[in-house]
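Visitor: First the structure, which I've put down as structure tokens, then a few questions once you've had a look.
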Amino acid sequence: MTMTAVPFADAGLPAVRVQRQTPSGRIALTLALAALVALVAMPWWASTGTIRWILELCCYLAVAQMWNLLAGYAGLVSVGQQAFMGAAGYALFVLAQTYGINPFLAVFLSLLVPAVLAVPTYFLLHRLEGPYFSIGTWVVAEVFRLVSTNLPLVNSGAGMSLRVMKDYSAFERNVAMSLLCATLLLVTLGGSYWLLRSRFGLALIAMRDNPVAAASQGVQVGRLRFLIYVAAAVGCGLAGAIYFMAQLRITPGSAFDPMWANLAIFIVMVGGIGSIEGVLIGTLIFFVADRWFGEYGASYFVVLGLMTLAVALYARTGIWGAIARRWDAPWFPIGRRLIDPQQGTKGETR
Amino acid sequence: MQWLDALIQGVLLGGMYAQYALGMALMFGVMRIVNISHGDLVILLSLIGISLASAFGLGPLPVLVALVPLAVLIGFVLQKTVLNRVVGNDPLPSLIATFGLSIALQNLMLQIWSANSRSLPGYGLESRSIEIGGIYIGLLPVIVLAVATGLTWGLDLMLKRTRFGRALRAAAADVEAAAMTGIDPRAVYALATAAAVGILGFAAVFQALRSTVAPADGPAQLIYAFEAVIIGGMGSVWGAFIGSMVLGISQAIGFRIDPGFGVLAGHIVFLFVLATRPQGLFGRA
């Protein structure tokens with residue numbers, strides 16, 4: 001991205017430029033592209049074990065960013081995004097295992113299921129006020145879990161295995177997983193970045209700061225919330241389909257595991273809500289903590305829970321919020337800064 | 001006959017759910033916040049009660065007498081240390097704070113009491129039943145329903161008649177206007193949460209007597225309380241009571257159709273009410 005010059009028609013206004021990108025942003029974008037290339041090239045430098053944990057990391061990033069988009073920008077605090085992960089995961093297994101469709105094509109076809117399910121879900125739940133919406137999303141995830149437990153099509157409570165993956169060599173599977181990881185991040189993180197820099201982004205940022213004021217400025221808050229809800233369902237669905245394809249096995253308990261909600265909330269709140277940087281920081285912290293302290297089981301989760309509580313009480317902007325207050329060096333700048341060639345900065349949005 | 005039996009069992013089950021739902025309705029009505037750790041507090045109190053009973057050989061009534069004041073105290077401290085900091089127009093902070101608390105509580109209980117299911121010895125109370133016209137009704141569920149009715153009636157009366165009730169309703173209607181008339185909202189909130197969690201003291205004893213409790217059971221109780229409140233309609237304690245009955249009956253009938261369908265039937269009725277009458281059966285549109 002380069003600086004965009006916006007010519008003003010009215011001669012009475014000073015000639016200003018709108019600056020969209022910063023040096024820190026350019027460095028981060030370069031690093032992000034390098035990371036994406038490294039992801040695609042994984043089969044040639046990483047072992048199957050490494051690819052597996054990188055895939056898990058990518059799923060955490062994607063799910064957390066989807067939750068961030070919902071809670072941080074649209075004001076929709078969902079604790080039931082696992083509903084869409086499990087739905088897409090099951091759709092993949094049914095399409096590939098039961099109907100014999102190529103699994104790598106089925107990953108993308110399975111996204112139709114969360115997209116279609118998200119529409120009635122939103123229309124039911126958006127009637128609930130604030131915190132009740134959240135518990136409503138949880139009920140929907142529970143309904144999905146109970147339905148899959150009783151549904152013969154998905155082998156009821158016993159779950160399904162993706163045996164068709166045997167037909168591919170380990171190398172072929174590694175190539176596919178690497179490409180899917182790269183696609184997942186490109187769609188969820190890259191897509192969010194693109195969205196936030198677009199015209200919709202301006203509306204979303206206005207909504208994040210104050211939904212009532214945004215509506216009075218002509219932002220269609222209701223419609224935008226609906227679109228974000230469906231987009232987040234599809235994003236979580238893609239993460240779910242890829243995750244369960246790597247797991248090779250799905251059961252109602254694993255498909256609709258509330259652990260994903262815990263994880264997304266922890267990552268986004270500790271990292272810093274309402275920013276992509278926060279999701280990256282939070283995921284890194286969670287991932288390292290999970291590797292080092294995961295063996296402590298319950299006491300580890302007590303600490304995670306108390307940290308989430310502490311962030312909500314004392315540091316609502318999380319780690320990235322504290323960093324951004326001190327240094328003005330965003331990794332993924334989404335703001336617009338007006339530059340007057342004669343006098344310097346005029347004003348900005350963040 | 002089988003369906004009449006299911007109906008009666010459903011109403012009795014509803015008595016249990018009403019004891020969870022009342023506190024949630026009260027807290028949401030006054031502060032517009034939902035305590036995600038609501039169900040975990042029931043389980044925590046149950047487990048404390050079970051440990052007290054086995055350590056000192058106490059019967060259900062002494063446990064109840066010990067638990068309710070403890071629950072009131074927990075509610076008061078919860079409001080003072082956590083909820084007063086997050087109450088406000090934005091629902092996010094209170095949700096996240098109580099969500100974190102819920103995770104921490106569940107895992108703390110797991111460490112202290114292990115994952116095993118436990119129950120409170122009722123010294124024969126749990127197995128006694130009365131026969132009415134060929135249908136056997138457990139004595140304990142009848143007591144649960146009677147206590148739930150009493151609690152609902154008492155809470156309703158307190159809200160309508162007492163000075164504290166008026167302060168609560170004023171704070172619920174318009175917190176700033178209430179503050180101008182000399183009501184301290186933080187004090188009112190603390191007492192409201194104390195009352196809401198205090199009721200959970202009753203729920204904890206009866207839950208542990210009626211069935212078993214395990215550290216991971218909290219979220220299910222939270223969901224039942226929530227569904228009861230939404231079905232009944234927000235803003236009235238009797239609405240929460242009737243909503244609990246509807247939920248209990250739906251689940252009991254669902255269980256009769258297929259044991260795997262009971263809880264799901266409750267969820268479906270909840271979604272149906274949400275689709276057709278979003279303000280709830282007794283809510284004002």
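Please note that chains go A, B, ... in the order of the structure tokens, that every chain numbers its residues from 1, and that ligands are numbered from 1 in the order shown.
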With the cut-off set at 8 Å and counting only C-alpha atoms, tabulate each residue of chain A with an atom at most that distance from an atom of chain B, showing the nearest atom pair and its distance in Å to one decimal, ordered by chain and increasing number, as a Markdown table.
Guide:
| residue | atom | partner | partner_atom | distance |
| --- | --- | --- | --- | --- |
| A:Ala71 | CA | B:Leu92 | CA | 7.8 |
| A:Val77 | CA | B:Leu92 | CA | 6.9 |
| A:Leu124 | CA | B:Ala275 | CA | 5.8 |
| A:Leu125 | CA | B:Leu274 | CA | 7.8 |
| A:Arg127 | CA | B:Pro278 | CA | 6.6 |
| A:Leu128 | CA | B:Pro278 | CA | 7.8 |
| A:Gly130 | CA | B:Pro91 | CA | 5.6 |
| A:Pro131 | CA | B:Pro91 | CA | 5.8 |
| A:Tyr132 | CA | B:Val34 | CA | 7.2 |
| A:Ile135 | CA | B:Ile223 | CA | 7.1 |
| A:Val139 | CA | B:Ile223 | CA | 6.9 |
| A:Val143 | CA | B:Leu264 | CA | 6.4 |
| A:Leu146 | CA | B:Leu264 | CA | 6.4 |
| A:Val147 | CA | B:Leu264 | CA | 7.7 |
| A:Asn150 | CA | B:Gly260 | CA | 7.1 |
| A:Ile265 | CA | B:Ile96 | CA | 7.6 |
| A:Ala298 | CA | B:Asn107 | CA | 4.9 |
| A:Ser299 | CA | B:Asn107 | CA | 6.7 |
| A:Phe301 | CA | B:Asn107 | CA | 6.3 |
| A:Val302 | CA | B:Ala104 | CA | 4.0 |
| A:Val303 | CA | B:Ala104 | CA | 6.9 |
| A:Leu304 | CA | B:Ala104 | CA | 7.3 |
| A:Gly305 | CA | B:Gly100 | CA | 4.1 |
| A:Leu306 | CA | B:Gly100 | CA | 5.9 |
| A:Met307 | CA | B:Gly100 | CA | 7.4 |
| A:Thr308 | CA | B:Gly100 | CA | 5.0 |
| A:Leu309 | CA | B:Ala97 | CA | 4.3 |
| A:Ala310 | CA | B:Ala97 | CA | 7.4 |
| A:Val311 | CA | B:Ala97 | CA | 7.9 |
| A:Ala312 | CA | B:Ala97 | CA | 5.2 |
| A:Leu313 | CA | B:Arg85 | CA | 6.5 |
| A:Arg316 | CA | B:Pro93 | CA | 7.6 |
Visitor: With only C-alpha atoms as the counted atoms, please give the residues lying no more than 7 Å from Val230 (chain A), apart from itself and same-chain residues fewer than 6 positions off, as a list in words.
Guide: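 So the residues in contact are Ala115, Ala118 and Val119 of chain A.
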Visitor: Using only C-alpha atoms, can you tell me which of B:Gly262, B:Met16, B:Asp5, B:Leu61 comes closest to Ile199 (chain B)?
Guide: B:Met16
Visitor: Any idea what's packed within 8 Å of Tyr17 (chain B), counting only C-alpha atoms, ignoring anything in its chain fewer than 5 positions away? Could you give it as JSON, numbers by chain?
Guide: {"B": [221, 224, 225, 228, 244, 245, 248]}
Visitor: Near Gly133 (chain B), counting only C-alpha atoms, which residues have an atom at most 12 Å away, once you skip same-chain residues fewer than 2 positions from it, shown as a count of residues only?
Guide: 8
Visitor: So which bits of region 97-256 of chain A end up helix (DSSP H, G or I) when you DSSP the backbone, as an NGL selection string?
Guide: :A and (97-98 or 103-109 or 112-125 or 130-150 or 152-154 or 156-158 or 163-167 or 170-197 or 199-209 or 211-216 or 221-247 or 252-255)
Visitor: Could you check the closest approach to Ala187 (chain B) for each of B:Leu281, B:Val77, B:Ile242, B:Val68 and tell me which residue wins, using only C-alpha atoms?
Guide: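 Closest to Ala187 (chain B) of all the choices is B:Val77.
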Visitor: Env of Thr212 (chain B): 9 Å cut, atoms = only C-alpha atoms, seq-sep filter 6 positions within chain, self excluded. Answer as a PDB file with C-alpha atoms, in the first residue's frame.
Guide:
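Done, and the output landed in out-v8.pdb:
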ATOM      1  CA  SER B 117     -20.313 -36.571  41.311  1.00  0.00           C
ATOM      2  CA  ARG B 118     -21.478 -36.181  44.904  1.00  0.00           C
ATOM      3  CA  SER B 119     -24.762 -35.685  46.661  1.00  0.00           C
ATOM      4  CA  LEU B 120     -26.040 -34.579  50.029  1.00  0.00           C
TER       5      LEU B 120
END
Visitor: So which bits of region 60-279 of chain A end up strand (DSSP E) when you DSSP the backbone, as a compact mmCIF listing (two decimals) with C-alpha atoms, in the first residue's frame?
Guide:
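Result file out-v8.txt:
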# COMPACT_ATOMS: atom_id res chain seq x y z
CA MET A 160 -16.99 -40.00 12.60
CA SER A 161 -13.53 -40.72 11.23
CA ARG A 249 -11.87 -37.62 13.90
CA ILE A 250 -14.90 -35.70 15.11
Visitor: Give the answer as one residue: which of A:Ala214, A:Val154, A:Ala62, A:Ala324 has the shortest atom-to-atom distance to Thr188 (chain A), using only C-alpha atoms?
Guide: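 Answer, going by the shortest atom-to-atom distance: A:Ala62.
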Visitor: Find the residues near Gly49 (chain B): any atom within 8 Å, counting only C-alpha atoms, skip ones fewer than 2 places away on the same chain, and give them as a short mmCIF file (atom, residue, chain, number, x, y, z; two decimals) with N, CA and C atoms, in the first residue's frame.
Guide:
data_model
loop_
_atom_site.label_atom_id
_atom_site.label_comp_id
_atom_site.auth_asym_id
_atom_site.auth_seq_id
_atom_site.Cartn_x
_atom_site.Cartn_y
_atom_site.Cartn_z
N LEU B 45 -21.56 -23.83 46.21
CA LEU B 45 -22.30 -23.89 47.47
C LEU B 45 -22.71 -25.34 47.80
N SER B 46 -23.15 -26.07 46.76
CA SER B 46 -23.53 -27.47 46.97
C SER B 46 -22.35 -28.26 47.53
N LEU B 47 -21.19 -28.09 46.90
CA LEU B 47 -20.02 -28.87 47.32
C LEU B 47 -19.59 -28.49 48.73
N SER B 51 -19.53 -31.07 51.89
CA SER B 51 -18.36 -31.23 52.75
C SER B 51 -18.71 -30.94 54.21
N LEU B 52 -19.52 -29.90 54.43
CA LEU B 52 -19.95 -29.57 55.80
C LEU B 52 -20.72 -30.73 56.40
N ALA B 53 -21.65 -31.29 55.58
CA ALA B 53 -22.49 -32.38 56.07
C ALA B 53 -21.66 -33.58 56.47
N VAL B 63 -27.54 -27.70 57.19
CA VAL B 63 -26.70 -27.29 56.05
C VAL B 63 -27.32 -26.07 55.38
N LEU B 64 -28.64 -26.10 55.23
CA LEU B 64 -29.35 -24.96 54.62
C LEU B 64 -29.14 -23.70 55.46
N LEU B 67 -25.66 -22.54 54.82
CA LEU B 67 -25.30 -22.14 53.45
C LEU B 67 -25.91 -20.81 53.02
N LEU B 120 -25.86 -34.86 48.61
CA LEU B 120 -26.04 -34.58 50.03
C LEU B 120 -26.94 -35.66 50.61
N ALA B 204 -28.73 -24.65 46.04
CA ALA B 204 -27.58 -25.55 46.20
C ALA B 204 -27.94 -26.77 47.05
N VAL B 205 -28.64 -26.52 48.16
CA VAL B 205 -29.00 -27.64 49.04
C VAL B 205 -29.95 -28.59 48.31
#
Visitor: When distances are computed from only C-alpha atoms, which of A:Asn210, A:Thr317, A:Gln21, A:Asn68 shows the smallest separation from Gly272 (chain A)?
Guide: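 That would be A:Thr317, the residue with the smallest distance to Gly272 (chain A).
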Visitor: Could you check how far CA of Gly134 (chain B) sits from CA of Ile253 (chain B), in Å to one decimal?
Guide: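 The value is 19.0 Å.
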Visitor: Any idea what the distance is between CA of Pro330 (chain A) and CA of Asn262 (chain A)?
Guide: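 Calculated distance between CA of Pro330 (chain A) and CA of Asn262 (chain A) is 26.7 Å.
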